[in-house]
>>> print(open('protein-v4.tsv').read())   # TSV, C-alpha atoms
chain	number	residue	atom	x	y	z
I	10	MET	CA	79.25	20.78	-24.40
I	11	PRO	CA	78.30	18.89	-27.59
I	12	GLN	CA	75.93	20.66	-29.93
I	13	ASP	CA	73.59	17.67	-29.92
I	14	SER	CA	73.06	18.19	-26.16
I	15	ALA	CA	71.82	21.71	-26.84
I	16	LEU	CA	69.61	20.47	-29.68
I	17	ALA	CA	68.11	17.77	-27.46
I	18	LEU	CA	67.40	20.32	-24.72
I	19	ALA	CA	65.77	22.69	-27.20
I	20	GLY	CA	63.66	19.82	-28.53
I	21	ARG	CA	62.42	18.92	-25.05
I	22	ALA	CA	61.46	22.53	-24.42
I	23	ALA	CA	59.53	22.69	-27.69
I	24	THR	CA	57.69	19.49	-26.72
I	25	GLN	CA	56.55	21.09	-23.46
I	26	VAL	CA	55.23	24.13	-25.35
I	27	GLN	CA	52.98	21.89	-27.45
I	28	ALA	CA	51.02	21.08	-24.30
I	29	LEU	CA	49.89	24.71	-24.04
I	30	PRO	CA	46.65	25.85	-25.68
I	31	PRO	CA	47.82	27.13	-29.08
I	32	LEU	CA	44.92	29.58	-29.02
I	33	LEU	CA	46.60	31.64	-26.29
I	34	VAL	CA	49.64	32.45	-28.41
I	35	GLU	CA	47.70	32.78	-31.67
I	36	ALA	CA	45.03	35.04	-30.15
I	37	GLU	CA	47.66	37.44	-28.80
I	38	ARG	CA	49.47	37.48	-32.13
I	39	ILE	CA	46.25	38.32	-34.00
I	40	ALA	CA	45.27	40.95	-31.45
I	41	ALA	CA	48.63	42.66	-32.11
I	42	THR	CA	48.66	44.27	-28.69
I	43	VAL	CA	50.33	42.72	-25.69
I	44	ILE	CA	52.02	39.43	-26.56
I	45	LEU	CA	54.42	38.81	-23.69
I	46	GLY	CA	54.19	41.50	-21.06
I	47	GLU	CA	53.47	45.17	-20.72
I	48	HIS	CA	54.75	46.51	-23.99
I	49	GLY	CA	53.54	47.99	-27.23
I	50	HIS	CA	52.61	46.55	-30.57
I	51	LYS	CA	55.22	45.12	-32.85
I	52	ARG	CA	55.29	47.95	-35.35
I	53	ALA	CA	57.57	50.24	-37.29
I	54	GLY	CA	59.39	53.04	-35.55
I	55	PRO	CA	62.76	54.17	-34.21
I	56	GLY	CA	65.01	51.26	-33.40
I	57	GLU	CA	68.02	49.28	-34.56
I	58	SER	CA	66.51	45.92	-35.54
I	59	PHE	CA	65.27	45.47	-39.10
I	60	TRP	CA	61.55	44.69	-39.34
I	61	GLN	CA	60.32	44.88	-42.93
I	62	TYR	CA	60.40	46.61	-46.33
I	63	ARG	CA	57.42	48.54	-47.64
I	64	PRO	CA	56.81	50.62	-50.78
I	65	TYR	CA	57.69	54.30	-50.64
I	66	SER	CA	54.69	56.58	-50.19
I	67	PHE	CA	54.12	60.33	-50.24
I	68	GLY	CA	55.51	62.01	-47.12
I	69	ASP	CA	58.25	59.43	-46.43
I	70	SER	CA	61.74	60.79	-45.93
I	71	THR	CA	64.13	59.99	-48.76
I	72	GLN	CA	66.72	59.12	-46.12
I	73	ARG	CA	64.70	56.01	-45.29
I	74	ILE	CA	64.85	54.63	-48.85
I	75	ASP	CA	66.78	51.37	-49.17
I	76	TRP	CA	68.56	51.94	-52.48
I	77	HIS	CA	69.96	48.40	-52.69
I	78	LYS	CA	66.50	46.85	-52.36
I	79	SER	CA	64.97	49.43	-54.71
I	80	ALA	CA	67.63	48.87	-57.37
I	81	ARG	CA	66.54	45.24	-57.71
I	82	SER	CA	62.93	46.21	-58.36
I	83	ASP	CA	60.85	48.63	-60.37
I	84	ARG	CA	59.55	50.15	-57.11
I	85	VAL	CA	61.13	52.28	-54.40
I	86	PHE	CA	61.21	50.62	-50.97
I	87	ILE	CA	61.45	52.00	-47.43
I	88	ARG	CA	63.42	50.06	-44.81
I	89	GLU	CA	61.54	49.95	-41.51
I	90	ASN	CA	63.09	49.08	-38.19
I	91	GLU	CA	61.24	47.55	-35.28
I	92	TRP	CA	59.73	49.99	-32.79
I	93	GLU	CA	62.06	50.27	-29.81
I	94	ALA	CA	59.19	49.71	-27.37
I	95	ALA	CA	58.67	46.17	-28.61
I	96	ASN	CA	59.36	43.84	-25.74
I	97	THR	CA	62.40	41.67	-25.24
I	98	LEU	CA	62.06	38.66	-22.96
I	99	TRP	CA	65.23	38.13	-20.91
I	100	LEU	CA	65.76	34.70	-19.40
I	101	TRP	CA	68.05	33.39	-16.69
I	102	ALA	CA	68.28	29.79	-15.49
I	103	SER	CA	70.62	29.57	-12.52
I	104	PRO	CA	73.79	27.58	-13.35
I	105	ALA	CA	74.81	27.38	-9.68
I	106	VAL	CA	76.29	24.14	-8.36
I	107	SER	CA	73.37	23.79	-5.93
I	108	MET	CA	71.03	23.51	-8.93
I	109	SER	CA	72.53	20.12	-9.83
I	110	PHE	CA	70.92	18.59	-6.73
I	111	ARG	CA	68.47	15.77	-7.35
I	112	SER	CA	67.07	13.61	-4.58
I	113	HIS	CA	65.57	10.13	-4.86
I	114	LEU	CA	62.12	11.79	-4.86
I	115	ALA	CA	62.59	13.74	-8.10
I	116	PRO	CA	62.87	12.60	-11.73
I	117	VAL	CA	65.17	15.48	-12.72
I	118	SER	CA	67.61	17.90	-11.13
I	119	LYS	CA	66.73	21.50	-10.39
I	120	LEU	CA	69.12	22.56	-13.17
I	121	GLU	CA	67.40	20.41	-15.78
I	122	ARG	CA	63.97	21.74	-14.85
I	123	ALA	CA	65.12	25.38	-14.81
I	124	ARG	CA	66.61	25.04	-18.28
I	125	LEU	CA	63.50	23.31	-19.60
I	126	LEU	CA	61.15	26.00	-18.30
I	127	ALA	CA	63.37	28.81	-19.61
I	128	LEU	CA	63.63	27.30	-23.08
I	129	ALA	CA	59.93	26.51	-23.24
I	130	LEU	CA	59.21	30.17	-22.49
I	131	ALA	CA	61.72	31.16	-25.15
I	132	SER	CA	59.96	28.91	-27.65
I	133	LEU	CA	56.63	30.55	-26.86
I	134	ALA	CA	58.09	34.02	-27.28
I	135	LEU	CA	59.82	33.15	-30.54
I	136	ARG	CA	56.61	31.66	-31.93
I	137	ALA	CA	55.01	35.02	-31.15
I	138	GLN	CA	57.84	36.81	-33.00
I	139	GLU	CA	59.22	38.37	-29.81
I	140	ARG	CA	62.91	38.94	-29.18
I	141	VAL	CA	64.49	36.69	-26.58
I	142	GLY	CA	67.81	37.13	-24.82
I	143	ALA	CA	69.67	35.60	-21.90
I	144	PHE	CA	71.43	37.27	-18.97
I	145	GLY	CA	75.17	37.20	-19.55
I	146	ALA	CA	74.96	35.60	-23.00
I	147	PRO	CA	77.56	36.66	-25.59
I	148	PHE	CA	74.92	37.09	-28.29
I	149	ALA	CA	72.20	39.71	-28.74
I	150	PRO	CA	68.46	39.13	-28.33
I	151	ASP	CA	66.78	37.85	-31.48
I	152	HIS	CA	63.37	36.66	-32.67
I	153	ALA	CA	64.63	34.07	-35.17
I	154	ARG	CA	63.88	30.42	-34.40
I	155	ALA	CA	67.62	29.70	-34.42
I	156	GLN	CA	67.82	31.69	-31.19
I	157	LEU	CA	66.35	28.73	-29.31
I	158	VAL	CA	69.38	26.59	-30.14
I	159	ARG	CA	71.73	29.44	-29.21
I	160	LEU	CA	70.01	29.77	-25.84
I	161	ALA	CA	70.13	26.04	-25.21
I	162	ASP	CA	73.81	25.89	-26.11
I	163	TRP	CA	74.58	28.84	-23.83
I	164	MET	CA	72.68	27.35	-20.89
I	165	VAL	CA	74.34	23.96	-21.24
I	166	GLY	CA	77.77	25.57	-21.32
I	167	ALA	CA	77.13	27.90	-18.37
I	168	ALA	CA	76.77	25.15	-15.72
I	169	GLY	CA	78.61	25.85	-12.49
I	170	GLY	CA	78.29	29.62	-12.72
I	171	ALA	CA	77.05	32.25	-10.28
I	172	GLY	CA	73.93	31.65	-8.25
I	173	LEU	CA	72.47	35.07	-9.06
I	174	PRO	CA	72.33	37.04	-12.33
I	175	ALA	CA	75.20	39.44	-12.88
I	176	PRO	CA	74.38	43.16	-13.21
I	177	GLN	CA	73.24	43.93	-16.72
I	178	ARG	CA	71.62	47.00	-18.22
I	179	LEU	CA	68.32	46.06	-19.82
I	180	PRO	CA	66.19	48.28	-22.06
I	181	ARG	CA	62.85	49.73	-21.03
I	182	PHE	CA	59.75	47.66	-21.74
I	183	ALA	CA	61.70	44.43	-21.18
I	184	SER	CA	60.46	41.44	-19.23
I	185	ALA	CA	62.70	39.13	-17.21
I	186	VAL	CA	62.12	35.59	-15.97
I	187	LEU	CA	64.66	34.42	-13.39
I	188	ILE	CA	64.61	30.72	-12.52
I	189	GLY	CA	66.75	29.28	-9.72
I	190	ASP	CA	66.68	27.89	-6.20
I	191	PHE	CA	67.35	31.32	-4.62
I	192	LEU	CA	68.80	29.90	-1.41
I	193	ASP	CA	71.11	32.87	-0.83
I	194	PRO	CA	70.26	35.33	1.95
I	195	VAL	CA	67.37	37.53	0.84
I	196	THR	CA	69.50	40.65	1.32
I	197	THR	CA	71.99	39.26	-1.21
I	198	ILE	CA	69.19	38.39	-3.62
I	199	ALA	CA	67.77	41.90	-3.24
I	200	GLU	CA	71.12	43.44	-4.21
I	201	ALA	CA	71.03	41.46	-7.46
I	202	LEU	CA	67.37	42.01	-8.36
I	203	ALA	CA	66.82	45.63	-7.30
I	204	PRO	CA	68.88	47.22	-10.12
I	205	ILE	CA	66.92	45.21	-12.69
I	206	ALA	CA	63.58	46.33	-11.25
I	207	GLU	CA	64.73	49.94	-10.94
I	208	ALA	CA	65.36	49.98	-14.70
I	209	GLY	CA	61.64	49.48	-15.26
I	210	VAL	CA	61.88	45.79	-16.12
I	211	LYS	CA	58.86	43.64	-15.30
I	212	GLY	CA	60.20	40.57	-13.54
I	213	HIS	CA	59.05	37.09	-12.63
I	214	VAL	CA	60.94	34.92	-10.14
I	215	VAL	CA	60.57	31.14	-10.13
I	216	GLN	CA	62.04	29.28	-7.17
I	217	ILE	CA	62.87	25.69	-8.12
I	218	ALA	CA	62.82	23.21	-5.24
I	219	ASP	CA	63.53	19.52	-4.96
I	220	PRO	CA	60.86	17.68	-2.93
I	221	ALA	CA	63.53	16.59	-0.44
I	222	GLU	CA	64.35	20.26	0.18
I	223	GLU	CA	60.71	20.82	1.04
I	224	THR	CA	60.06	17.79	3.27
I	225	LEU	CA	63.49	16.76	4.62
I	226	PRO	CA	62.54	13.06	4.36
I	227	TYR	CA	65.73	11.71	5.95
I	228	GLU	CA	65.76	9.69	9.16
I	229	GLY	CA	68.36	8.38	11.56
I	230	ARG	CA	72.07	9.09	11.28
I	231	THR	CA	72.49	11.37	8.27
I	232	GLU	CA	75.43	13.38	7.00
I	233	PHE	CA	74.61	16.53	5.05
I	234	HIS	CA	77.15	17.98	2.61
I	235	ASP	CA	77.41	21.54	1.35
I	236	MET	CA	77.49	21.29	-2.46
I	237	THR	CA	79.62	24.44	-2.73
I	238	GLY	CA	82.33	23.56	-0.25
I	239	PRO	CA	83.76	21.16	2.37
I	240	VAL	CA	81.18	21.97	5.05
I	241	THR	CA	79.36	18.93	6.41
I	242	PHE	CA	76.82	18.40	9.16
I	243	LEU	CA	76.21	15.08	10.91
I	244	SER	CA	72.86	14.48	12.55
I	245	ALA	CA	72.26	11.47	14.76
I	246	ARG	CA	68.49	11.73	14.17
I	247	ALA	CA	67.69	13.72	11.05
I	248	GLU	CA	63.95	13.52	11.66
I	249	THR	CA	64.30	15.78	14.71
I	250	LEU	CA	65.41	18.61	12.43
I	251	ARG	CA	62.23	18.61	10.37
I	252	GLY	CA	60.20	21.12	12.38
I	253	ALA	CA	62.89	23.79	12.70
I	254	TYR	CA	63.92	23.25	9.08
I	255	ALA	CA	60.35	23.72	7.82
I	256	GLU	CA	60.02	26.96	9.81
I	257	ARG	CA	63.26	28.35	8.45
I	258	LEU	CA	62.36	27.40	4.87
I	259	ALA	CA	58.92	29.01	5.21
I	260	ALA	CA	60.46	32.19	6.64
I	261	HIS	CA	63.01	32.40	3.82
I	262	ARG	CA	60.34	31.87	1.19
I	263	ALA	CA	58.06	34.47	2.79
I	264	ASP	CA	60.92	37.00	2.76
I	265	LEU	CA	61.63	36.18	-0.88
I	266	ALA	CA	57.97	36.59	-1.82
I	267	GLY	CA	57.92	39.89	0.08
I	268	LEU	CA	60.94	41.12	-1.84
I	269	CYS	CA	59.23	40.33	-5.13
I	270	ARG	CA	56.11	42.20	-4.02
I	271	ARG	CA	58.16	45.28	-3.15
I	272	LEU	CA	59.79	45.14	-6.58
I	273	GLY	CA	56.40	44.78	-8.26
I	274	TRP	CA	57.37	41.33	-9.52
I	275	SER	CA	55.60	37.98	-9.43
I	276	PHE	CA	56.82	34.98	-7.43
I	277	LEU	CA	56.22	31.30	-8.15
I	278	VAL	CA	57.43	28.09	-6.50
I	279	HIS	CA	57.88	24.96	-8.60
I	280	ARG	CA	58.91	21.50	-7.38
I	281	THR	CA	60.87	19.14	-9.58
I	282	ASP	CA	58.54	16.22	-8.82
I	283	GLN	CA	55.70	18.13	-10.47
I	284	ALA	CA	54.98	18.26	-14.20
I	285	PRO	CA	56.47	21.34	-15.89
I	286	ALA	CA	53.36	22.19	-17.94
I	287	PRO	CA	51.33	23.80	-15.09
I	288	ALA	CA	54.25	26.05	-14.15
I	289	LEU	CA	54.68	26.98	-17.79
I	290	LEU	CA	50.99	27.83	-18.07
I	291	ALA	CA	51.17	29.97	-14.93
I	292	LEU	CA	54.24	31.83	-16.21
I	293	HIS	CA	52.67	32.37	-19.61
I	294	ALA	CA	49.58	33.85	-17.95
I	295	LEU	CA	51.68	36.15	-15.77
I	296	ILE	CA	53.92	37.33	-18.57
I	297	SER	CA	51.07	37.89	-21.01
I	298	GLY	CA	49.07	39.75	-18.37
I	299	GLU	CA	46.21	37.25	-18.28
I	300	ALA	CA	46.55	36.85	-14.52
I	301	THR	CA	45.63	40.50	-13.93
I	302	ARG	CA	42.84	40.88	-16.49
>>> encode(input="protein-v4.tsv", output="structure tokens")
Amino acid sequence: MPQDSALALAGRAATQVQALPPLLVEAERIAATVILGEHGHKRAGPGESFWQYRPYSFGDSTQRIDWHKSARSDRVFIRENEWEAANTLWLWASPAVSMSFRSHLAPVSKLERARLLALALASLALRAQERVGAFGAPFAPDHARAQLVRLADWMVGAAGGAGLPAPQRLPRFASAVLIGDFLDPVTTIAEALAPIAEAGVKGHVVQIADPAEETLPYEGRTEFHDMTGPVTFLSARAETLRGAYAERLAAHRADLAGLCRRLGWSFLVHRTDQAPAPALLALHALISGEATR
């Protein structure tokens, strides 16, 4: 995909973030406690990611002295790495073929909305100096602003992939936001999500739905096509399917919500005919812990 497509997507995500109360992010940054999830302060400690330099003081181990930095100054400096308990926000926007669906009732496809929400969350996290990564991405989590473009580029290029996140070992104290239509059988979804939850990751599931998938607005002779294969279904009177369809959708969603409860995760439904800002606000509150305070 062209780089300008990724840049445009990142720009749209940043625009959505501007609709959020800046005080929420700034207050959490000043408080220096919980910024995005249940994790510790951003502070020095054992870890692999560089955080800052500080002057050497009595009691510091000489093994921590950065001799290259110190040689360029008249002071001796200690190299501090970021505490390993600092949170990393892991994002996944489903690239499944079914996500490309867009009915006449929606302004955007499910795929476009999932990407936008994921990147807007990434922008919030990066503004708060949190590390952000993506499931399956070939690059490591980072807290630099350039990470937003990397994420956008990765998401644009991943279209047509698997409908559920592939198994991936995540560190403790991580948070995960998984955005997709989650139309697979709940048992299949559970097999994908359970290992993530068992690793101690705090998760948030967002089910994206097109309004036509919620209301089945079709009438008369209608042919339905499976977006992942040659299967088709012809109905002489589509409106007669509405009742049974609504019951099955409600049952599937209830099972999905129940799965999230058992995992200790949150569950949110978002329709593509709705503005993205309210969903973003709800996710921000859940991730930051505001919903439970």
>>> atom_distance(input="protein-v4.tsv", atom1="CA of Ile296 in chain I", atom2="CA of Asp162 in chain I")
24.2 Å
>>> residues_around(input="protein-v4.tsv", residues="Val117 in chain I", least_positions_apart="3", cutoff="12 Å", atoms="all atoms listed in the file", output="number ranges by chain")
I: 108-114, 120-125, 217-220, 280-285
>>> closest_residue(input="protein-v4.tsv", among="I:Trp99, I:Phe276, I:Phe233, I:Trp76", to="Ala149 in chain I", atoms="all atoms listed in the file")
I:Trp99
>>> atom_distance(input="protein-v4.tsv", atom1="CA of Leu100 in chain I", atom2="CA of Leu202 in chain I")
13.3 Å
>>> residues_around(input="protein-v4.tsv", residues="Ala175 in chain I", least_positions_apart="5", cutoff="9 Å", atoms="only C-alpha atoms", output="PDB file with C-alpha atoms, in the frame of the given file")
ATOM      1  CA  PHE I 144      71.430  37.270 -18.970  1.00  0.00           C
ATOM      2  CA  GLY I 145      75.170  37.200 -19.550  1.00  0.00           C
ATOM      3  CA  ALA I 201      71.030  41.460  -7.460  1.00  0.00           C
TER       4      ALA I 201
END
>>> atom_distance(input="protein-v4.tsv", atom1="CA of Cys269 in chain I", atom2="CA of Leu290 in chain I")
19.8 Å
>>> closest_residue(input="protein-v4.tsv", among="I:His279, I:Arg251, I:Arg63, I:His261", to="Ile198 in chain I", atoms="all atoms listed in the file")
I:His261
>>> residues_around(input="protein-v4.tsv", residues="Arg262 in chain I", least_positions_apart="3", cutoff="10 Å", atoms="all atoms listed in the file", output="number ranges by chain")
I: 191-192, 195, 216, 256-259, 265-268, 276, 278
>>> build_atoms(input="protein-v4.tsv", residues="range 270-300 of chain I", atoms="N, CA and C atoms", output="JSON list (two decimals), keeping the file's coordinate frame")
[["chain", "number", "residue", "atom", "x", "y", "z"],
["I", 270, "ARG", "N", 57.25, 41.27, -4.09],
["I", 270, "ARG", "CA", 56.11, 42.20, -4.02],
["I", 270, "ARG", "C", 56.59, 43.65, -4.00],
["I", 271, "ARG", "N", 57.63, 43.92, -3.23],
["I", 271, "ARG", "CA", 58.16, 45.28, -3.15],
["I", 271, "ARG", "C", 58.73, 45.74, -4.50],
["I", 272, "LEU", "N", 59.25, 44.81, -5.26],
["I", 272, "LEU", "CA", 59.79, 45.14, -6.58],
["I", 272, "LEU", "C", 58.70, 45.25, -7.64],
["I", 273, "GLY", "N", 57.49, 44.80, -7.28],
["I", 273, "GLY", "CA", 56.40, 44.78, -8.26],
["I", 273, "GLY", "C", 56.49, 43.58, -9.18],
["I", 274, "TRP", "N", 57.17, 42.53, -8.73],
["I", 274, "TRP", "CA", 57.37, 41.33, -9.52],
["I", 274, "TRP", "C", 56.47, 40.20, -9.02],
["I", 275, "SER", "N", 56.35, 39.16, -9.84],
["I", 275, "SER", "CA", 55.60, 37.98, -9.43],
["I", 275, "SER", "C", 56.57, 36.95, -8.84],
["I", 276, "PHE", "N", 56.02, 36.01, -8.07],
["I", 276, "PHE", "CA", 56.82, 34.98, -7.43],
["I", 276, "PHE", "C", 56.08, 33.65, -7.53],
["I", 277, "LEU", "N", 56.81, 32.62, -7.95],
["I", 277, "LEU", "CA", 56.22, 31.30, -8.15],
["I", 277, "LEU", "C", 57.18, 30.25, -7.63],
["I", 278, "VAL", "N", 56.63, 29.22, -6.97],
["I", 278, "VAL", "CA", 57.43, 28.09, -6.50],
["I", 278, "VAL", "C", 57.08, 26.87, -7.34],
["I", 279, "HIS", "N", 58.11, 26.17, -7.80],
["I", 279, "HIS", "CA", 57.88, 24.96, -8.60],
["I", 279, "HIS", "C", 58.77, 23.84, -8.09],
["I", 280, "ARG", "N", 58.16, 22.66, -7.85],
["I", 280, "ARG", "CA", 58.91, 21.50, -7.38],
["I", 280, "ARG", "C", 59.24, 20.58, -8.55],
["I", 281, "THR", "N", 60.41, 19.97, -8.46],
["I", 281, "THR", "CA", 60.87, 19.14, -9.58],
["I", 281, "THR", "C", 60.16, 17.80, -9.68],
["I", 282, "ASP", "N", 59.34, 17.44, -8.69],
["I", 282, "ASP", "CA", 58.54, 16.22, -8.82],
["I", 282, "ASP", "C", 57.18, 16.50, -9.43],
["I", 283, "GLN", "N", 56.94, 17.75, -9.81],
["I", 283, "GLN", "CA", 55.70, 18.13, -10.47],
["I", 283, "GLN", "C", 55.94, 18.25, -11.97],
["I", 284, "ALA", "N", 54.87, 18.10, -12.75],
["I", 284, "ALA", "CA", 54.98, 18.26, -14.20],
["I", 284, "ALA", "C", 55.30, 19.71, -14.53],
["I", 285, "PRO", "N", 56.10, 19.96, -15.56],
["I", 285, "PRO", "CA", 56.47, 21.34, -15.89],
["I", 285, "PRO", "C", 55.36, 22.14, -16.55],
["I", 286, "ALA", "N", 54.40, 21.47, -17.18],
["I", 286, "ALA", "CA", 53.36, 22.19, -17.94],
["I", 286, "ALA", "C", 52.56, 23.17, -17.10],
["I", 287, "PRO", "N", 52.09, 22.81, -15.88],
["I", 287, "PRO", "CA", 51.33, 23.80, -15.09],
["I", 287, "PRO", "C", 52.14, 25.05, -14.75],
["I", 288, "ALA", "N", 53.41, 24.88, -14.44],
["I", 288, "ALA", "CA", 54.25, 26.05, -14.15],
["I", 288, "ALA", "C", 54.42, 26.90, -15.40],
["I", 289, "LEU", "N", 54.54, 26.25, -16.54],
["I", 289, "LEU", "CA", 54.68, 26.98, -17.79],
["I", 289, "LEU", "C", 53.41, 27.75, -18.12],
["I", 290, "LEU", "N", 52.26, 27.13, -17.87],
["I", 290, "LEU", "CA", 50.99, 27.83, -18.07],
["I", 290, "LEU", "C", 50.87, 29.04, -17.16],
["I", 291, "ALA", "N", 51.26, 28.87, -15.89],
["I", 291, "ALA", "CA", 51.17, 29.97, -14.93],
["I", 291, "ALA", "C", 52.09, 31.12, -15.34],
["I", 292, "LEU", "N", 53.31, 30.80, -15.77],
["I", 292, "LEU", "CA", 54.24, 31.83, -16.21],
["I", 292, "LEU", "C", 53.73, 32.54, -17.46],
["I", 293, "HIS", "N", 53.19, 31.77, -18.39],
["I", 293, "HIS", "CA", 52.67, 32.37, -19.61],
["I", 293, "HIS", "C", 51.55, 33.35, -19.29],
["I", 294, "ALA", "N", 50.68, 32.96, -18.34],
["I", 294, "ALA", "CA", 49.58, 33.85, -17.95],
["I", 294, "ALA", "C", 50.10, 35.12, -17.29],
["I", 295, "LEU", "N", 51.12, 34.98, -16.44],
["I", 295, "LEU", "CA", 51.68, 36.15, -15.77],
["I", 295, "LEU", "C", 52.37, 37.07, -16.74],
["I", 296, "ILE", "N", 53.16, 36.51, -17.63],
["I", 296, "ILE", "CA", 53.92, 37.33, -18.57],
["I", 296, "ILE", "C", 52.99, 38.03, -19.56],
["I", 297, "SER", "N", 51.99, 37.30, -20.01],
["I", 297, "SER", "CA", 51.07, 37.89, -21.01],
["I", 297, "SER", "C", 50.04, 38.83, -20.38],
["I", 298, "GLY", "N", 49.99, 38.86, -19.03],
["I", 298, "GLY", "CA", 49.07, 39.75, -18.37],
["I", 298, "GLY", "C", 47.71, 39.13, -18.11],
["I", 299, "GLU", "N", 47.52, 37.87, -18.46],
["I", 299, "GLU", "CA", 46.21, 37.25, -18.28],
["I", 299, "GLU", "C", 45.83, 37.16, -16.80],
["I", 300, "ALA", "N", 46.84, 37.03, -15.94],
["I", 300, "ALA", "CA", 46.55, 36.85, -14.52],
["I", 300, "ALA", "C", 45.95, 38.09, -13.89]]
